[in-house]
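In what follows, a structure is listed as structure tokens, so that the remarks can point back to it.
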Amino acid sequence: ILGRGVNVAKFLAECGAELTITDLKKEEQLAPSLKKLKKFTDIKYVLGRHDLADFSGKDMVIKAAGVPLDSPYIAETRKNNIPVEMDASLFAKLAGGVIVVGVTGTRGKSTVTHLIYEIIKSSGKKVFLGGNVKGLATLPLLKKVKNGDIVAMELDSWQLQGFEEAKTSPNVAVFTTFLPDHQNYYKNDMDKYFSDKANIYRWQKENDWLVAGPKVSKFIKEKGGVSGKMAVADKKNIPSGWKVKLLGEHNLQNIALAIEATRKLGVKESAIKKAVESFKGLPGRLEFVKEIKGVKYYNDTTATTPEAVMAALDSLPPHRRASKENRGKIILIGGGADKNLEYGKYAKVVKKYVKALILFRGLASNKIISALGKTKFPVEIADSMKKAMEIARANSKKGDIILLSPAAASFGVFKNEFDRGEQFNKLVRMIKN
């Protein structure tokens, strides 16, 4: 759906590999991806199911990021002594002479990865994007990269499982934040979640660098430290004269991480400053969409944890430092599918800022309503973005902000978080001034 699997398949087919592609989704669900592979006539497809027989007699199995390590099909693969690989880590293993910059963390990894990419690009060095980036796969970069080139990768905890398999880590690793997330996948085991994240630095060599913020670096030291070198990046150390466009304290920390990482790559300060000052952020991350009749619309669809929403609320005016009479001007659209997260702190912050709350149906929304208890503002459930927007607009007036910031997963109502954000933006742009 996000283009990574289809691009890996396309690359392997172009290389002449005999391919079997198996997916639990059915043919009609995968139609856009299958269309892109139509010209490759010798691919075997097993769709709507997995067959154990397909996991024997192969040279390699490439696992998509969401497939659990305890999958019976992966167990069958190992039983048959077949290597299990993943897109980004297989690239890192094969691309000798390429400098890999990897970015992980619960929040901030997309912003930091893209800012690092922009900084390196502005310096004139050859750089590519890879990892957890919509529409891209990393393995096909093998056709493009040369010795000395840099690849900046966003790496989630699942992709980092592949780095553990490969016993490799990026040359420069960045660890942004560590907060509760994906606990439906990790079965409320934060140690296991951290263990996957720690593969970003676990296999580094002595001259490799790990860049982390003050809290994360302290936590890593408590967990046993690093095998390479570690640099602490603090938002307080961003040069005071630099004109930053991104909103929020959390984004200042993201900028500090990108600055420190690119310094370790030998990028000149002038190139870093130029890129930082021109960087406007990414779609779906506190993205200002439009102002219509005095109401501002922000798309923060990638805020899938309570902490991310709290950061967003604290970044938009009227923020925490505003006087009491200037608070409560935000209409918040959120909720959805549960990731086994807690909403106690979130509820307190929401009560400070919000004048109306619209929640998409789902178990996370039930937990949010329970955590909020009695409220002085309306809380309503919506089963579509269209309905959520109707309710939000009915509760808004000039000077208000309508913010999509879910604190939950998108599944059930939307295809994914990108679909959720795109629907929001489309509806906003349809509103007449």
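Just remember, in the structure tokens the first chain shown is A, the second B, etc., residues are 1-based per chain, and ligands are 1-based in the order shown.
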I'd like a table as JSON lines: residues in stretch 34-141 of chain A with an atom no more than 10 Å from stretch 159-170 of chain A, each row giving the shortest atom pair and its distance in Å to one decimal, only C-alpha atoms counted, sorted by chain and rising residue number.
```
{"residue": "A:Ile62", "atom": "CA", "partner": "A:Gly162", "partner_atom": "CA", "distance": 9.7}
{"residue": "A:Lys63", "atom": "CA", "partner": "A:Gly162", "partner_atom": "CA", "distance": 8.7}
{"residue": "A:Ala64", "atom": "CA", "partner": "A:Gln159", "partner_atom": "CA", "distance": 8.3}
{"residue": "A:Ala65", "atom": "CA", "partner": "A:Gln159", "partner_atom": "CA", "distance": 5.4}
{"residue": "A:Gly66", "atom": "CA", "partner": "A:Gln159", "partner_atom": "CA", "distance": 8.5}
{"residue": "A:Pro68", "atom": "CA", "partner": "A:Gln161", "partner_atom": "CA", "distance": 9.8}
{"residue": "A:Leu69", "atom": "CA", "partner": "A:Gln161", "partner_atom": "CA", "distance": 8.3}
{"residue": "A:Pro83", "atom": "CA", "partner": "A:Glu165", "partner_atom": "CA", "distance": 9.1}
{"residue": "A:Val84", "atom": "CA", "partner": "A:Glu165", "partner_atom": "CA", "distance": 7.7}
{"residue": "A:Glu85", "atom": "CA", "partner": "A:Gly162", "partner_atom": "CA", "distance": 6.2}
{"residue": "A:Met86", "atom": "CA", "partner": "A:Gly162", "partner_atom": "CA", "distance": 5.3}
{"residue": "A:Asp87", "atom": "CA", "partner": "A:Gln159", "partner_atom": "CA", "distance": 7.9}
{"residue": "A:Ala88", "atom": "CA", "partner": "A:Gln159", "partner_atom": "CA", "distance": 7.0}
{"residue": "A:Ser89", "atom": "CA", "partner": "A:Phe163", "partner_atom": "CA", "distance": 5.1}
{"residue": "A:Leu90", "atom": "CA", "partner": "A:Ala166", "partner_atom": "CA", "distance": 7.5}
{"residue": "A:Ala92", "atom": "CA", "partner": "A:Thr168", "partner_atom": "CA", "distance": 7.7}
{"residue": "A:Lys93", "atom": "CA", "partner": "A:Ala166", "partner_atom": "CA", "distance": 6.9}
{"residue": "A:Ile99", "atom": "CA", "partner": "A:Pro170", "partner_atom": "CA", "distance": 7.7}
{"residue": "A:Val100", "atom": "CA", "partner": "A:Pro170", "partner_atom": "CA", "distance": 5.0}
{"residue": "A:Val101", "atom": "CA", "partner": "A:Pro170", "partner_atom": "CA", "distance": 5.5}
{"residue": "A:Gly102", "atom": "CA", "partner": "A:Pro170", "partner_atom": "CA", "distance": 5.4}
{"residue": "A:Val103", "atom": "CA", "partner": "A:Pro170", "partner_atom": "CA", "distance": 8.8}
{"residue": "A:Thr104", "atom": "CA", "partner": "A:Leu160", "partner_atom": "CA", "distance": 8.8}
{"residue": "A:Gly131", "atom": "CA", "partner": "A:Gln159", "partner_atom": "CA", "distance": 7.9}
{"residue": "A:Asn132", "atom": "CA", "partner": "A:Gln159", "partner_atom": "CA", "distance": 8.0}
```
| task | Enumerate as a VMD selection string all residues of stretch 82-246 of chain A assigned to strand (DSSP E or B) by DSSP on the backbone, naming them with the chain letters and numbers the document uses. | result | chain A and resid 84 to 85 99 to 104 127 to 131 150 to 154 172 to 175 209 to 212 229 to 232
Saved selection, atoms kept: C-alpha atoms, as a PDB file, in the first residue's frame:
```
ATOM      1  CA  VAL A  84      15.343 -14.042   6.386  1.00  0.00           C
ATOM      2  CA  GLU A  85      16.100 -10.543   5.119  1.00  0.00           C
ATOM      3  CA  ILE A  99      27.689   5.786   4.405  1.00  0.00           C
ATOM      4  CA  VAL A 100      24.405   4.866   6.114  1.00  0.00           C
ATOM      5  CA  VAL A 101      22.683   7.368   8.398  1.00  0.00           C
ATOM      6  CA  GLY A 102      19.828   5.734  10.320  1.00  0.00           C
ATOM      7  CA  VAL A 103      17.172   7.542  12.340  1.00  0.00           C
ATOM      8  CA  THR A 104      14.818   5.869  14.808  1.00  0.00           C
ATOM      9  CA  VAL A 127      22.608  11.673  -0.737  1.00  0.00           C
ATOM     10  CA  PHE A 128      19.572   9.365  -1.069  1.00  0.00           C
ATOM     11  CA  LEU A 129      16.472   8.753   1.076  1.00  0.00           C
ATOM     12  CA  GLY A 130      15.576   5.245   2.252  1.00  0.00           C
ATOM     13  CA  GLY A 131      13.917   3.190   4.972  1.00  0.00           C
ATOM     14  CA  ILE A 150      25.219   8.822   1.816  1.00  0.00           C
ATOM     15  CA  VAL A 151      21.830   7.168   2.403  1.00  0.00           C
ATOM     16  CA  ALA A 152      19.603   8.705   5.094  1.00  0.00           C
ATOM     17  CA  MET A 153      17.124   6.104   6.367  1.00  0.00           C
ATOM     18  CA  GLU A 154      14.105   6.423   8.618  1.00  0.00           C
ATOM     19  CA  VAL A 172      25.747   7.420  12.021  1.00  0.00           C
ATOM     20  CA  ALA A 173      22.702   6.534  14.129  1.00  0.00           C
ATOM     21  CA  VAL A 174      20.167   9.006  15.516  1.00  0.00           C
ATOM     22  CA  PHE A 175      17.779   8.025  18.342  1.00  0.00           C
ATOM     23  CA  TRP A 209      28.460   7.701  15.985  1.00  0.00           C
ATOM     24  CA  LEU A 210      25.200   7.605  17.888  1.00  0.00           C
ATOM     25  CA  VAL A 211      23.443  10.965  18.260  1.00  0.00           C
ATOM     26  CA  ALA A 212      20.703  11.266  20.892  1.00  0.00           C
ATOM     27  CA  LYS A 229      30.905   7.021  20.085  1.00  0.00           C
ATOM     28  CA  MET A 230      27.926   8.965  21.430  1.00  0.00           C
ATOM     29  CA  ALA A 231      27.090  12.659  20.996  1.00  0.00           C
ATOM     30  CA  VAL A 232      24.344  14.418  22.955  1.00  0.00           C
TER      31      VAL A 232
END
```
| Exercise: A:Asn425 partners within 9 Å, only C-alpha atoms, chain neighbours under 5 positions left out, as a VMD selection string | chain A and resid 289 to 290 297 to 299 420 430
| field | Non-local contacts of A:Ala271 (10 Å; only C-alpha atoms; under 4 positions in same chain excluded) as an NGL selection string | value | :A and (118-124 or 262 or 267 or 275-276)
Shell around A:Gly421 at 10 Å using only C-alpha atoms, local window under 6 positions removed, as a PDB file with N, CA and C atoms, in the first residue's frame:
```pdb
ATOM      1  N   PRO A 283       4.474  16.891   5.228  1.00  0.00           N
ATOM      2  CA  PRO A 283       3.014  16.750   5.239  1.00  0.00           C
ATOM      3  C   PRO A 283       2.566  15.866   6.400  1.00  0.00           C
ATOM      4  N   GLY A 284       1.446  16.256   7.010  1.00  0.00           N
ATOM      5  CA  GLY A 284       0.874  15.430   8.072  1.00  0.00           C
ATOM      6  C   GLY A 284       1.543  15.556   9.422  1.00  0.00           C
ATOM      7  N   ARG A 285       2.485  16.488   9.523  1.00  0.00           N
ATOM      8  CA  ARG A 285       3.174  16.708  10.803  1.00  0.00           C
ATOM      9  C   ARG A 285       3.030  18.183  11.171  1.00  0.00           C
ATOM     10  N   GLU A 287       1.096  20.157   9.886  1.00  0.00           N
ATOM     11  CA  GLU A 287       1.069  20.824   8.585  1.00  0.00           C
ATOM     12  C   GLU A 287      -0.056  21.859   8.564  1.00  0.00           C
ATOM     13  N   TYR A 298      -5.032  22.525  10.710  1.00  0.00           N
ATOM     14  CA  TYR A 298      -3.735  21.851  10.793  1.00  0.00           C
ATOM     15  C   TYR A 298      -3.919  20.335  10.681  1.00  0.00           C
ATOM     16  N   ASN A 299      -3.067  19.712   9.855  1.00  0.00           N
ATOM     17  CA  ASN A 299      -3.072  18.265   9.657  1.00  0.00           C
ATOM     18  C   ASN A 299      -1.873  17.662  10.383  1.00  0.00           C
ATOM     19  N   ASP A 300      -2.165  16.907  11.449  1.00  0.00           N
ATOM     20  CA  ASP A 300      -1.118  16.241  12.240  1.00  0.00           C
ATOM     21  C   ASP A 300      -1.423  14.742  12.316  1.00  0.00           C
ATOM     22  N   THR A 301      -1.771  14.166  11.159  1.00  0.00           N
ATOM     23  CA  THR A 301      -2.245  12.773  11.118  1.00  0.00           C
ATOM     24  C   THR A 301      -1.219  11.758  11.611  1.00  0.00           C
ATOM     25  N   THR A 302       0.072  12.083  11.531  1.00  0.00           N
ATOM     26  CA  THR A 302       1.095  11.123  11.973  1.00  0.00           C
ATOM     27  C   THR A 302       1.263  11.112  13.496  1.00  0.00           C
ATOM     28  N   MET A 385     -14.341  10.973   7.883  1.00  0.00           N
ATOM     29  CA  MET A 385     -13.713  12.292   7.957  1.00  0.00           C
ATOM     30  C   MET A 385     -14.724  13.387   7.609  1.00  0.00           C
ATOM     31  N   LEU A 404      -6.407  18.121  13.274  1.00  0.00           N
ATOM     32  CA  LEU A 404      -6.439  16.660  13.185  1.00  0.00           C
ATOM     33  C   LEU A 404      -5.166  16.132  13.833  1.00  0.00           C
ATOM     34  N   SER A 405      -5.310  15.494  14.982  1.00  0.00           N
ATOM     35  CA  SER A 405      -4.156  14.939  15.706  1.00  0.00           C
ATOM     36  C   SER A 405      -4.665  13.754  16.521  1.00  0.00           C
ATOM     37  N   SER A 410      -5.057   4.377  12.575  1.00  0.00           N
ATOM     38  CA  SER A 410      -6.081   4.798  11.615  1.00  0.00           C
ATOM     39  C   SER A 410      -7.011   3.673  11.184  1.00  0.00           C
ATOM     40  N   PHE A 414      -9.967   4.261   8.161  1.00  0.00           N
ATOM     41  CA  PHE A 414      -9.119   4.676   7.039  1.00  0.00           C
ATOM     42  C   PHE A 414      -8.179   3.541   6.622  1.00  0.00           C
TER      43      PHE A 414
END
```
